[in-house]
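Undergrad: Below is the file coords32.pdb, with PDB, C-alpha atoms.
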MODEL        1
ATOM      1  CA  MET A   1      98.973  78.636 105.402
ATOM      2  CA  LEU A   2     101.354  81.367 104.320
ATOM      3  CA  LYS A   3      99.033  82.674 101.605
ATOM      4  CA  SER A   4      96.018  82.768 103.901
ATOM      5  CA  LEU A   5      98.005  84.533 106.611
ATOM      6  CA  PHE A   6      99.052  87.408 104.366
ATOM      7  CA  ARG A   7      95.891  87.803 102.249
ATOM      8  CA  ARG A   8      92.769  89.627 103.488
ATOM      9  CA  PRO A   9      89.889  91.374 101.719
ATOM     10  CA  MET A  10      90.654  95.038 101.094
ATOM     11  CA  LEU A  11      88.397  98.033 101.635
ATOM     12  CA  PRO A  12      87.369 100.330  98.781
ATOM     13  CA  LEU A  13      89.612 103.377  98.396
ATOM     14  CA  LEU A  14      86.575 105.658  98.590
ATOM     15  CA  ALA A  15      85.939 104.419 102.126
ATOM     16  CA  LEU A  16      89.372 105.468 103.356
ATOM     17  CA  PRO A  17      88.655 109.150 104.103
ATOM     18  CA  LEU A  18      85.817 108.163 106.433
ATOM     19  CA  LEU A  19      87.437 105.059 107.814
ATOM     20  CA  LEU A  20      90.728 106.736 108.603
ATOM     21  CA  ALA A  21      89.494 110.191 109.578
ATOM     22  CA  PRO A  22      90.690 111.398 112.993
ATOM     23  CA  ALA A  23      88.239 110.166 115.594
ATOM     24  CA  PRO A  24      88.155 110.535 119.358
ATOM     25  CA  LEU A  25      89.712 107.398 120.782
ATOM     26  CA  PRO A  26      90.753 106.749 124.344
ATOM     27  CA  ALA A  27      94.278 105.763 125.197
ATOM     28  CA  GLN A  28      94.517 101.984 125.200
ATOM     29  CA  THR A  29      93.018 100.700 128.442
ATOM     30  CA  GLY A  30      91.432  97.517 129.720
ATOM     31  CA  GLY A  31      92.444  94.378 127.855
ATOM     32  CA  ALA A  32      95.898  93.773 126.454
ATOM     33  CA  PRO A  33      96.580  95.826 123.301
ATOM     34  CA  TYR A  34      98.249  92.999 121.333
ATOM     35  CA  SER A  35      97.400  89.357 120.786
ATOM     36  CA  VAL A  36      98.959  86.418 118.937
ATOM     37  CA  ASP A  37      96.902  83.231 118.591
ATOM     38  CA  GLY A  38      94.879  84.071 121.700
ATOM     39  CA  ARG A  39      97.921  85.033 123.788
ATOM     40  CA  SER A  40      97.871  88.583 125.122
ATOM     41  CA  PHE A  41     100.780  91.001 125.343
ATOM     42  CA  GLY A  42     101.148  94.429 126.876
ATOM     43  CA  ARG A  43     104.114  95.445 124.685
ATOM     44  CA  LEU A  44     104.345  95.193 120.922
ATOM     45  CA  GLN A  45     107.965  94.020 121.114
ATOM     46  CA  ASP A  46     106.917  91.100 123.308
ATOM     47  CA  ALA A  47     104.345  90.055 120.709
ATOM     48  CA  VAL A  48     106.972  90.273 117.939
ATOM     49  CA  ASN A  49     109.424  88.239 120.028
ATOM     50  CA  ALA A  50     106.776  85.574 120.659
ATOM     51  CA  ILE A  51     106.569  84.902 116.913
ATOM     52  CA  GLY A  52     110.349  84.820 116.623
ATOM     53  CA  ASP A  53     111.553  83.219 113.398
ATOM     54  CA  GLY A  54     108.164  81.647 112.666
ATOM     55  CA  GLU A  55     105.004  83.045 111.065
ATOM     56  CA  GLY A  56     102.193  84.818 112.850
ATOM     57  CA  THR A  57      99.661  87.607 113.072
ATOM     58  CA  ILE A  58      99.652  90.297 115.734
ATOM     59  CA  ARG A  59      96.151  91.690 116.231
ATOM     60  CA  ILE A  60      96.253  95.269 117.477
ATOM     61  CA  ALA A  61      93.382  96.665 119.534
ATOM     62  CA  PRO A  62      91.773 100.075 118.904
ATOM     63  CA  GLY A  63      93.297 103.060 120.673
ATOM     64  CA  TYR A  64      96.411 105.204 120.685
ATOM     65  CA  HIS A  65      99.528 103.060 120.968
ATOM     66  CA  ARG A  66     102.592 104.931 122.177
ATOM     67  CA  ASP A  67     104.738 101.923 121.429
ATOM     68  CA  CYS A  68     107.096 100.565 118.770
ATOM     69  CA  ALA A  69     108.896  97.362 117.803
ATOM     70  CA  VAL A  70     111.813  95.923 115.829
ATOM     71  CA  GLN A  71     111.265  92.748 113.777
ATOM     72  CA  THR A  72     114.523  90.855 113.196
ATOM     73  CA  ALA A  73     113.180  87.455 112.039
ATOM     74  CA  GLY A  74     110.089  85.588 110.899
ATOM     75  CA  ARG A  75     107.113  86.667 108.822
ATOM     76  CA  ILE A  76     104.673  88.856 110.713
ATOM     77  CA  ALA A  77     101.315  90.417 109.856
ATOM     78  CA  PHE A  78     100.526  93.538 111.907
ATOM     79  CA  VAL A  79      96.725  93.764 111.682
ATOM     80  CA  ALA A  80      94.306  96.281 113.216
ATOM     81  CA  ALA A  81      91.406  94.579 114.966
ATOM     82  CA  GLU A  82      89.303  97.526 113.730
ATOM     83  CA  PRO A  83      90.807  99.098 110.596
ATOM     84  CA  GLY A  84      91.654 102.778 111.040
ATOM     85  CA  ARG A  85      91.274 102.747 114.830
ATOM     86  CA  ALA A  86      94.639 101.343 115.917
ATOM     87  CA  ILE A  87      96.914 104.391 115.922
ATOM     88  CA  PHE A  88     100.671 104.380 116.528
ATOM     89  CA  ASP A  89     101.385 107.838 117.851
ATOM     90  CA  GLY A  90     104.770 109.523 118.146
ATOM     91  CA  VAL A  91     107.001 106.717 119.491
ATOM     92  CA  THR A  92     109.926 105.299 117.474
ATOM     93  CA  CYS A  93     112.425 102.471 117.970
ATOM     94  CA  GLU A  94     116.152 102.865 117.243
ATOM     95  CA  GLY A  95     115.502 106.515 116.416
ATOM     96  CA  LYS A  96     113.879 105.336 113.161
ATOM     97  CA  ALA A  97     110.209 104.375 113.103
ATOM     98  CA  ALA A  98     107.262 102.838 114.907
ATOM     99  CA  LEU A  99     107.943  99.584 113.055
ATOM    100  CA  VAL A 100     111.523  98.711 112.098
ATOM    101  CA  LEU A 101     111.340  95.673 109.808
ATOM    102  CA  ARG A 102     114.285  93.438 108.981
ATOM    103  CA  GLY A 103     112.772  89.990 109.262
ATOM    104  CA  ALA A 104     111.770  87.534 106.534
ATOM    105  CA  GLY A 105     108.704  89.507 105.465
ATOM    106  CA  ALA A 106     105.826  91.547 106.855
ATOM    107  CA  ARG A 107     102.297  92.774 106.212
ATOM    108  CA  ILE A 108     100.592  95.880 107.612
ATOM    109  CA  ASP A 109      96.804  96.015 107.484
ATOM    110  CA  GLY A 110      94.502  98.804 108.701
ATOM    111  CA  LEU A 111      96.982 100.689 110.916
ATOM    112  CA  VAL A 112      97.497 104.437 111.344
ATOM    113  CA  PHE A 113     100.931 106.006 111.964
ATOM    114  CA  GLN A 114     101.239 109.631 113.049
ATOM    115  CA  ASN A 115     103.509 112.253 114.646
ATOM    116  CA  MET A 116     106.810 110.451 114.007
ATOM    117  CA  ARG A 117     109.846 112.708 114.479
ATOM    118  CA  VAL A 118     113.481 111.890 115.280
ATOM    119  CA  PRO A 119     116.720 113.918 115.573
ATOM    120  CA  ASP A 120     117.983 113.091 112.044
ATOM    121  CA  GLY A 121     114.700 114.251 110.477
ATOM    122  CA  ASN A 122     113.678 110.829 109.120
ATOM    123  CA  GLY A 123     111.030 109.813 111.630
ATOM    124  CA  ALA A 124     108.747 107.327 109.849
ATOM    125  CA  GLY A 125     105.812 105.075 110.454
ATOM    126  CA  VAL A 126     107.775 102.210 108.899
ATOM    127  CA  ARG A 127     111.498 101.687 108.317
ATOM    128  CA  LEU A 128     111.889  98.726 105.971
ATOM    129  CA  GLU A 129     115.443  97.381 105.959
ATOM    130  CA  THR A 130     115.080  94.074 104.107
ATOM    131  CA  SER A 131     112.555  91.607 102.638
ATOM    132  CA  ASN A 132     109.065  91.978 101.217
ATOM    133  CA  LEU A 133     106.420  94.213 102.747
ATOM    134  CA  ASP A 134     102.719  94.448 101.846
ATOM    135  CA  ILE A 135     100.751  97.448 103.133
ATOM    136  CA  VAL A 136      96.964  97.707 102.783
ATOM    137  CA  ASN A 137      94.339 100.078 104.176
ATOM    138  CA  ALA A 138      96.920 102.071 106.137
ATOM    139  CA  MET A 139      97.354 105.768 106.866
ATOM    140  CA  PHE A 140     100.573 107.706 107.420
ATOM    141  CA  ARG A 141     100.163 111.319 108.538
ATOM    142  CA  ASN A 142     101.733 114.326 110.257
ATOM    143  CA  SER A 143     105.236 112.883 110.337
ATOM    144  CA  GLU A 144     108.639 113.540 108.812
ATOM    145  CA  GLN A 145     108.293 110.509 106.580
ATOM    146  CA  GLY A 146     105.728 107.812 105.942
ATOM    147  CA  ILE A 147     107.880 104.904 104.765
ATOM    148  CA  LEU A 148     111.670 104.787 104.396
ATOM    149  CA  THR A 149     113.571 101.749 103.115
ATOM    150  CA  ALA A 150     117.136 100.527 102.774
ATOM    151  CA  ASP A 151     118.254  98.543  99.688
ATOM    152  CA  ASP A 152     117.035  95.028  98.848
ATOM    153  CA  PRO A 153     117.124  94.365  95.089
ATOM    154  CA  ASP A 154     115.508  90.946  95.553
ATOM    155  CA  ALA A 155     112.453  92.211  97.459
ATOM    156  CA  THR A 156     109.150  93.946  96.695
ATOM    157  CA  LEU A 157     107.306  96.720  98.518
ATOM    158  CA  THR A 158     103.558  96.787  97.803
ATOM    159  CA  ILE A 159     101.254  99.609  98.934
ATOM    160  CA  ASP A 160      97.521  99.393  98.233
ATOM    161  CA  ARG A 161      94.475 101.460  99.258
ATOM    162  CA  SER A 162      96.372 103.651 101.675
ATOM    163  CA  THR A 163      96.755 107.371 102.421
ATOM    164  CA  PHE A 164      99.850 109.547 102.912
ATOM    165  CA  SER A 165      99.069 113.002 104.289
ATOM    166  CA  ARG A 166     101.109 115.937 105.683
ATOM    167  CA  LEU A 167     104.468 114.212 105.290
ATOM    168  CA  GLY A 168     107.942 115.255 104.183
ATOM    169  CA  ARG A 169     110.386 117.996 105.132
ATOM    170  CA  CYS A 170     113.422 119.897 103.809
ATOM    171  CA  ASP A 171     114.723 121.972 106.694
ATOM    172  CA  ARG A 172     117.294 122.243 109.492
ATOM    173  CA  GLY A 173     120.131 121.675 107.045
ATOM    174  CA  LEU A 174     119.322 117.941 106.952
ATOM    175  CA  SER A 175     118.669 115.734 103.942
ATOM    176  CA  CYS A 176     115.040 115.955 102.820
ATOM    177  CA  ALA A 177     112.405 113.455 103.918
ATOM    178  CA  HIS A 178     109.517 112.348 101.689
ATOM    179  CA  SER A 179     106.074 110.795 101.975
ATOM    180  CA  VAL A 180     107.574 107.521 100.664
ATOM    181  CA  TYR A 181     111.285 107.055  99.995
ATOM    182  CA  THR A 182     112.698 103.693  98.943
ATOM    183  CA  GLY A 183     116.222 102.579  98.270
ATOM    184  CA  ILE A 184     117.139 100.141  95.513
ATOM    185  CA  TYR A 185     114.309  97.673  95.955
ATOM    186  CA  GLY A 186     113.602  95.079  93.281
ATOM    187  CA  LYS A 187     110.092  96.380  92.710
ATOM    188  CA  VAL A 188     107.791  98.985  94.199
ATOM    189  CA  VAL A 189     104.054  98.598  93.551
ATOM    190  CA  VAL A 190     101.696 101.435  94.553
ATOM    191  CA  THR A 191      98.004 101.114  93.697
ATOM    192  CA  ARG A 192      94.726 102.836  94.652
ATOM    193  CA  THR A 193      96.524 105.115  97.113
ATOM    194  CA  ARG A 194      96.204 108.818  97.916
ATOM    195  CA  PHE A 195      99.075 111.262  98.428
ATOM    196  CA  GLU A 196      98.139 114.717  99.684
ATOM    197  CA  LYS A 197      99.120 117.848 101.650
ATOM    198  CA  GLY A 198     102.875 117.244 101.466
ATOM    199  CA  SER A 199     105.019 119.371 103.767
ATOM    200  CA  GLY A 200     108.283 119.146 101.815
ATOM    201  CA  GLY A 201     110.296 116.790  99.651
ATOM    202  CA  HIS A 202     108.717 114.468  97.068
ATOM    203  CA  TYR A 203     105.500 112.515  97.405
ATOM    204  CA  LEU A 204     106.913 109.233  96.049
ATOM    205  CA  LYS A 205     110.675 108.953  95.699
ATOM    206  CA  THR A 206     112.054 105.558  94.759
ATOM    207  CA  ARG A 207     115.264 104.033  93.448
ATOM    208  CA  ALA A 208     113.479 100.755  92.686
ATOM    209  CA  ILE A 209     114.643  98.748  89.683
ATOM    210  CA  ALA A 210     111.015  98.361  88.553
ATOM    211  CA  VAL A 211     107.811 100.189  89.456
ATOM    212  CA  ASP A 212     104.073  99.701  89.028
ATOM    213  CA  ILE A 213     102.395 102.977  90.029
ATOM    214  CA  ASN A 214      98.777 102.590  88.999
ATOM    215  CA  ASP A 215      95.402 104.191  89.823
ATOM    216  CA  ASN A 216      96.589 106.626  92.510
ATOM    217  CA  SER A 217      95.903 110.292  93.259
ATOM    218  CA  PHE A 218      98.620 112.873  93.918
ATOM    219  CA  ASP A 219      96.810 115.957  95.230
ATOM    220  CA  ASP A 220      99.265 118.768  95.918
ATOM    221  CA  THR A 221      96.671 121.550  96.190
ATOM    222  CA  GLN A 222      97.315 121.934  99.936
ATOM    223  CA  GLY A 223     101.006 121.058  99.801
ATOM    224  CA  THR A 224     103.702 123.388 101.143
ATOM    225  CA  ALA A 225     107.267 123.652  99.769
ATOM    226  CA  THR A 226     106.930 120.346  97.891
ATOM    227  CA  ASN A 227     108.924 118.966  94.955
ATOM    228  CA  TYR A 228     108.130 116.230  92.402
ATOM    229  CA  MET A 229     105.044 114.041  92.619
ATOM    230  CA  ILE A 230     107.068 110.983  91.505
ATOM    231  CA  ASP A 231     110.863 110.915  91.549
ATOM    232  CA  LEU A 232     112.478 107.815  90.024
ATOM    233  CA  SER A 233     115.849 109.026  91.262
ATOM    234  CA  SER A 234     118.031 106.290  89.753
ATOM    235  CA  GLY A 235     115.841 105.475  86.766
ATOM    236  CA  SER A 236     113.381 102.585  86.567
ATOM    237  CA  VAL A 237     111.365 100.369  84.233
ATOM    238  CA  GLY A 238     107.716  99.352  84.555
ATOM    239  CA  GLN A 239     104.722 101.643  84.411
ATOM    240  CA  ILE A 240     103.145 104.842  85.727
ATOM    241  CA  ALA A 241      99.539 104.545  84.599
ATOM    242  CA  ASN A 242      96.022 105.814  85.275
ATOM    243  CA  ASN A 243      96.999 108.245  88.023
ATOM    244  CA  MET A 244      95.651 111.723  88.799
ATOM    245  CA  PHE A 245      98.116 114.572  89.458
ATOM    246  CA  VAL A 246      97.307 118.110  90.599
ATOM    247  CA  GLN A 247     100.287 120.357  91.249
ATOM    248  CA  GLY A 248      99.827 122.911  94.009
ATOM    249  CA  LYS A 249     100.829 126.564  94.260
ATOM    250  CA  ASP A 250     103.359 126.365  97.108
ATOM    251  CA  LYS A 251     106.328 124.584  95.534
ATOM    252  CA  GLU A 252     110.027 124.408  96.305
ATOM    253  CA  ASN A 253     110.445 122.926  92.814
ATOM    254  CA  TYR A 254     107.614 123.151  90.292
ATOM    255  CA  SER A 255     109.684 122.314  87.176
ATOM    256  CA  ALA A 256     108.208 118.812  86.702
ATOM    257  CA  LEU A 257     105.619 116.386  88.033
ATOM    258  CA  ILE A 258     107.483 113.142  87.200
ATOM    259  CA  ALA A 259     111.292 112.964  87.195
ATOM    260  CA  VAL A 260     113.275 110.054  85.712
ATOM    261  CA  ALA A 261     116.934 109.487  86.719
ATOM    262  CA  ALA A 262     117.343 113.002  88.110
ATOM    263  CA  GLU A 263     120.196 111.927  90.426
ATOM    264  CA  GLU A 264     121.859 108.993  88.670
ATOM    265  CA  ARG A 265     121.421 106.476  85.842
ATOM    266  CA  LYS A 266     122.001 103.374  87.944
ATOM    267  CA  ASN A 267     118.891 101.504  86.706
ATOM    268  CA  PRO A 268     117.755 101.037  83.096
ATOM    269  CA  SER A 269     114.784 103.185  82.091
ATOM    270  CA  ARG A 270     114.293 102.022  78.498
ATOM    271  CA  GLY A 271     110.622 101.376  77.816
ATOM    272  CA  LEU A 272     109.277 102.893  81.032
ATOM    273  CA  SER A 273     105.566 103.267  80.242
ATOM    274  CA  ILE A 274     103.778 106.467  81.275
ATOM    275  CA  THR A 275     100.228 106.409  79.998
ATOM    276  CA  GLY A 276      96.577 107.006  80.854
ATOM    277  CA  ASN A 277      97.341 109.665  83.463
ATOM    278  CA  ARG A 278      95.588 113.006  84.068
ATOM    279  CA  ALA A 279      97.540 116.031  85.253
ATOM    280  CA  SER A 280      96.788 119.706  85.821
ATOM    281  CA  LEU A 281      98.127 122.943  87.273
ATOM    282  CA  PRO A 282      96.126 125.291  89.518
ATOM    283  CA  ALA A 283      93.840 127.656  87.642
ATOM    284  CA  GLY A 284      95.366 131.086  87.149
ATOM    285  CA  ILE A 285      98.779 130.053  88.501
ATOM    286  CA  GLY A 286     100.600 131.908  85.728
ATOM    287  CA  ARG A 287     103.427 129.418  85.355
ATOM    288  CA  THR A 288     104.241 126.325  83.334
ATOM    289  CA  SER A 289     105.660 122.916  84.161
ATOM    290  CA  VAL A 290     106.701 119.630  82.525
ATOM    291  CA  PHE A 291     104.765 116.405  82.972
ATOM    292  CA  VAL A 292     107.804 114.105  82.505
ATOM    293  CA  ALA A 293     111.384 115.348  82.867
ATOM    294  CA  ASP A 294     114.010 112.788  81.826
ATOM    295  CA  TRP A 295     117.722 112.621  82.645
ATOM    296  CA  SER A 296     118.134 108.951  81.618
ATOM    297  CA  GLY A 297     118.680 109.581  77.921
ATOM    298  CA  GLU A 298     116.848 106.330  77.138
ATOM    299  CA  PRO A 299     113.661 106.024  75.066
ATOM    300  CA  LEU A 300     110.611 106.127  77.323
ATOM    301  CA  ALA A 301     107.188 104.867  76.268
ATOM    302  CA  ILE A 302     105.058 107.934  76.905
ATOM    303  CA  GLY A 303     101.556 107.227  75.680
ATOM    304  CA  ALA A 304      98.318 109.185  75.782
ATOM    305  CA  ASN A 305      97.983 111.323  78.912
ATOM    306  CA  GLU A 306      95.424 114.058  79.576
ATOM    307  CA  LEU A 307      97.386 117.219  80.380
ATOM    308  CA  GLY A 308      95.947 120.549  81.498
ATOM    309  CA  ALA A 309      96.939 124.025  80.372
ATOM    310  CA  GLY A 310     100.545 124.999  81.009
ATOM    311  CA  LEU A 311     101.902 121.438  81.038
ATOM    312  CA  THR A 312     104.473 120.263  78.493
ATOM    313  CA  ARG A 313     104.380 116.515  77.765
ATOM    314  CA  PHE A 314     108.120 115.747  77.942
ATOM    315  CA  GLU A 315     111.481 117.401  78.352
ATOM    316  CA  LYS A 316     114.969 115.881  78.118
ATOM    317  CA  ARG A 317     117.338 117.293  80.736
TER
ENDMDL
END
Here is the file; what I need is its structure written in the form of structure tokens.
TA:
Amino acid sequence: MLKSLFRRPMLPLLALPLLLAPAPLPAQTGGAPYSVDGRSFGRLQDAVNAIGDGEGTIRIAPGYHRDCAVQTAGRIAFVAAEPGRAIFDGVTCEGKAALVLRGAGARIDGLVFQNMRVPDGNGAGVRLETSNLDIVNAMFRNSEQGILTADDPDATLTIDRSTFSRLGRCDRGLSCAHSVYTGIYGKVVVTRTRFEKGSGGHYLKTRAIAVDINDNSFDDTQGTATNYMIDLSSGSVGQIANNMFVQGKDKENYSALIAVAAEERKNPSRGLSITGNRASLPAGIGRTSVFVADWSGEPLAIGANELGAGLTRFEKR
């Protein structure tokens, strides 16, 4: 039962721009916006509470949902009844996120999160505080942060076929926010996902012990005041493979695309594989950058990558 609950067919990545494009939707009216096993609920928190410490799926109707919830127990799948048309818009719980997750596990499927802002500058679609989380076919846009996590070295965050757009900030004298920022998670897996139009900070910043970052696009051509594409802040093992990187013109820090252990050497990085990627700088930019900048001092496994003009393969820092 558990496997069937948390496993659904996924949509092709190429369908995401059309599926998740802004579309005129009415505010949620008529029938109840949330349902669990045929039971209807007017508030998302009531639906979460109905599942309690058990397992269940909350089906979320199309429309703009100015609502939020905190999961403290159980395993819950938050599933859009129509992928890309259930939009959580601008409401956060606990001054954190639309979904604050600290139960026994969660899944997010087909939802859109937008316009999340809070006083400390870390307004997110999802705040993950413990346990595993699987995200598929989701969009995070126009917010301070897409996903922010605490530490859980025994858990895994998986993101597949999703889009992160117009996220991040470094202003107001506050710590920067990023499109995705994870604490020390056991593993972070990001596949077939698009990062674009960053508005500050890094696109993917993680302190995970292990990573699998495969078959994604990092398109910074319309970014503003952005930093690294991938920042493995504490070091990491695993792989960064088969991704596309395009660095934009408007950078706060253009010195590297991928940074390894730039803040601390808490995790081993020996053998981190970086291969099969394509990376480029804007034509006529008149500057250079480094594809991989390493502070770990450990031997990395940098294989064949296709690098455009002005990019140096590796630099030890």
Undergrad: Return the single residue from A:Phe218, A:Phe113, A:Phe245, A:Phe314 that is closest to A:Ile87, with distances computed using only C-alpha atoms.
TA: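 Among the listed residues, the smallest separation from A:Ile87 belongs to A:Phe113.
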Undergrad: Please enumerate the residues selected by the PyMOL selection byres ((chain A and resi 133-141) around 6) when evaluated against the supplied file, formatted as a PyMOL selection string.
TA: chain A and resi 105-114+132+142-143+146+157-166
Undergrad: Given the file shown, determine the residues that the PyMOL selection byres ((chain A and resi 215) around 9) selects; report them as a PyMOL selection string.
TA: chain A and resi 190-193+213-214+216-217+240-244+277
Undergrad: What would the file look like if the residues just selected were written as an mmCIF file, in the coordinates of the input with C-alpha atoms?
TA:
data_model
loop_
_atom_site.group_PDB
_atom_site.id
_atom_site.type_symbol
_atom_site.label_atom_id
_atom_site.label_comp_id
_atom_site.auth_asym_id
_atom_site.auth_seq_id
_atom_site.Cartn_x
_atom_site.Cartn_y
_atom_site.Cartn_z
ATOM 1 C CA VAL A 190 101.696 101.435 94.553
ATOM 2 C CA THR A 191 98.004 101.114 93.697
ATOM 3 C CA ARG A 192 94.726 102.836 94.652
ATOM 4 C CA THR A 193 96.524 105.115 97.113
ATOM 5 C CA ILE A 213 102.395 102.977 90.029
ATOM 6 C CA ASN A 214 98.777 102.590 88.999
ATOM 7 C CA ASN A 216 96.589 106.626 92.510
ATOM 8 C CA SER A 217 95.903 110.292 93.259
ATOM 9 C CA ILE A 240 103.145 104.842 85.727
ATOM 10 C CA ALA A 241 99.539 104.545 84.599
ATOM 11 C CA ASN A 242 96.022 105.814 85.275
ATOM 12 C CA ASN A 243 96.999 108.245 88.023
ATOM 13 C CA MET A 244 95.651 111.723 88.799
ATOM 14 C CA ASN A 277 97.341 109.665 83.463
#
Undergrad: Please check which residues have atoms at most 12 Å from (110.5, 106.0, 76.7) in the file's coordinates, counting only C-alpha atoms, and write them as JSON, numbers by chain.
TA: {"A": [235, 236, 237, 238, 239, 240, 260, 268, 269, 270, 271, 272, 273, 274, 275, 292, 293, 294, 295, 296, 297, 298, 299, 300, 301, 302, 303, 314, 315, 316]}
Undergrad: Take atom CA of A:Arg172 and atom CA of A:Asn115 and report the distance between them in Å, one decimal.
TA: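 Separating atom CA of A:Arg172 from atom CA of A:Asn115 is a distance of 17.8 Å.
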Undergrad: Using only C-alpha atoms, pick whichever of A:Ala256, A:Val126, A:Ala309, A:Ala73 has the shortest atom-to-atom distance to A:Pro282.
TA: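 Smallest distance to A:Pro282 is found for A:Ala309.
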Undergrad: Can you translate the PyMOL selection byres ((chain A and resi 42) around 6) into the concrete residues it hits in this file, as number ranges by chain?
TA: A: 32-33, 41, 43
Undergrad: Please dump the current selection as an mmCIF file, in the frame of the given file; keep C-alpha atoms.
TA:
data_model
loop_
_atom_site.group_PDB
_atom_site.id
_atom_site.type_symbol
_atom_site.label_atom_id
_atom_site.label_comp_id
_atom_site.auth_asym_id
_atom_site.auth_seq_id
_atom_site.Cartn_x
_atom_site.Cartn_y
_atom_site.Cartn_z
ATOM 1 C CA ALA A 32 95.898 93.773 126.454
ATOM 2 C CA PRO A 33 96.580 95.826 123.301
ATOM 3 C CA PHE A 41 100.780 91.001 125.343
ATOM 4 C CA ARG A 43 104.114 95.445 124.685
#
Undergrad: Provide the atom CA of A:Pro153 to atom CA of A:Lys187 distance in Å, to one decimal place.
TA: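 According to the coordinates, atom CA of A:Pro153 and atom CA of A:Lys187 are separated by 7.7 Å.
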Undergrad: Could you state the separation of atom CA of A:Val188 and atom CA of A:Tyr203 in Å, given to one decimal place?
TA: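 Those two atoms sit 14.1 Å apart.
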Undergrad: When distances are computed from all atoms listed in the file, which of A:Asn227, A:Asn122, A:Thr72, A:Thr57 shows the smallest separation from A:Lys96?
TA: A:Asn122
Undergrad: Keeping N, CA, C and O atoms (and nothing else), can you write stretch 64-76 of chain A of this structure as a PDB file, in the first residue's frame?
TA:
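Written output follows (out23.pdb):
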ATOM      1  N   TYR A  64      -6.619  28.973  -6.911  1.00  0.00           N
ATOM      2  CA  TYR A  64      -5.636  29.626  -6.045  1.00  0.00           C
ATOM      3  C   TYR A  64      -5.997  29.323  -4.596  1.00  0.00           C
ATOM      4  O   TYR A  64      -7.104  29.617  -4.151  1.00  0.00           O
ATOM      5  N   HIS A  65      -5.043  28.760  -3.877  1.00  0.00           N
ATOM      6  CA  HIS A  65      -5.262  28.377  -2.483  1.00  0.00           C
ATOM      7  C   HIS A  65      -4.443  29.308  -1.594  1.00  0.00           C
ATOM      8  O   HIS A  65      -3.215  29.213  -1.558  1.00  0.00           O
ATOM      9  N   ARG A  66      -5.115  30.202  -0.914  1.00  0.00           N
ATOM     10  CA  ARG A  66      -4.422  31.086   0.029  1.00  0.00           C
ATOM     11  C   ARG A  66      -4.532  30.439   1.400  1.00  0.00           C
ATOM     12  O   ARG A  66      -5.326  30.826   2.250  1.00  0.00           O
ATOM     13  N   ASP A  67      -3.731  29.394   1.559  1.00  0.00           N
ATOM     14  CA  ASP A  67      -3.849  28.467   2.679  1.00  0.00           C
ATOM     15  C   ASP A  67      -2.475  27.837   2.901  1.00  0.00           C
ATOM     16  O   ASP A  67      -1.591  27.904   2.048  1.00  0.00           O
ATOM     17  N   CYS A  68      -2.300  27.221   4.069  1.00  0.00           N
ATOM     18  CA  CYS A  68      -1.034  26.557   4.384  1.00  0.00           C
ATOM     19  C   CYS A  68      -1.298  25.491   5.434  1.00  0.00           C
ATOM     20  O   CYS A  68      -2.400  25.413   5.989  1.00  0.00           O
ATOM     21  N   ALA A  69      -0.293  24.661   5.727  1.00  0.00           N
ATOM     22  CA  ALA A  69      -0.480  23.612   6.719  1.00  0.00           C
ATOM     23  C   ALA A  69       0.860  23.165   7.278  1.00  0.00           C
ATOM     24  O   ALA A  69       1.896  23.307   6.631  1.00  0.00           O
ATOM     25  N   VAL A  70       0.795  22.589   8.494  1.00  0.00           N
ATOM     26  CA  VAL A  70       1.958  22.013   9.164  1.00  0.00           C
ATOM     27  C   VAL A  70       1.688  20.530   9.370  1.00  0.00           C
ATOM     28  O   VAL A  70       0.687  20.153   9.990  1.00  0.00           O
ATOM     29  N   GLN A  71       2.561  19.678   8.854  1.00  0.00           N
ATOM     30  CA  GLN A  71       2.468  18.229   9.054  1.00  0.00           C
ATOM     31  C   GLN A  71       3.420  17.844  10.180  1.00  0.00           C
ATOM     32  O   GLN A  71       4.625  18.059  10.088  1.00  0.00           O
ATOM     33  N   THR A  72       2.894  17.246  11.246  1.00  0.00           N
ATOM     34  CA  THR A  72       3.716  16.869  12.389  1.00  0.00           C
ATOM     35  C   THR A  72       3.815  15.352  12.574  1.00  0.00           C
ATOM     36  O   THR A  72       4.562  14.896  13.440  1.00  0.00           O
ATOM     37  N   ALA A  73       3.050  14.582  11.780  1.00  0.00           N
ATOM     38  CA  ALA A  73       3.062  13.120  11.923  1.00  0.00           C
ATOM     39  C   ALA A  73       2.600  12.501  10.613  1.00  0.00           C
ATOM     40  O   ALA A  73       2.162  13.191   9.692  1.00  0.00           O
ATOM     41  N   GLY A  74       2.689  11.169  10.547  1.00  0.00           N
ATOM     42  CA  GLY A  74       2.153  10.438   9.408  1.00  0.00           C
ATOM     43  C   GLY A  74       2.934  10.632   8.134  1.00  0.00           C
ATOM     44  O   GLY A  74       3.918  11.368   8.067  1.00  0.00           O
ATOM     45  N   ARG A  75       2.472   9.908   7.095  1.00  0.00           N
ATOM     46  CA  ARG A  75       3.028  10.012   5.749  1.00  0.00           C
ATOM     47  C   ARG A  75       1.922  10.519   4.841  1.00  0.00           C
ATOM     48  O   ARG A  75       0.875   9.872   4.712  1.00  0.00           O
ATOM     49  N   ILE A  76       2.157  11.659   4.216  1.00  0.00           N
ATOM     50  CA  ILE A  76       1.098  12.327   3.461  1.00  0.00           C
ATOM     51  C   ILE A  76       1.564  12.639   2.047  1.00  0.00           C
ATOM     52  O   ILE A  76       2.663  13.159   1.849  1.00  0.00           O
TER      53      ILE A  76
END
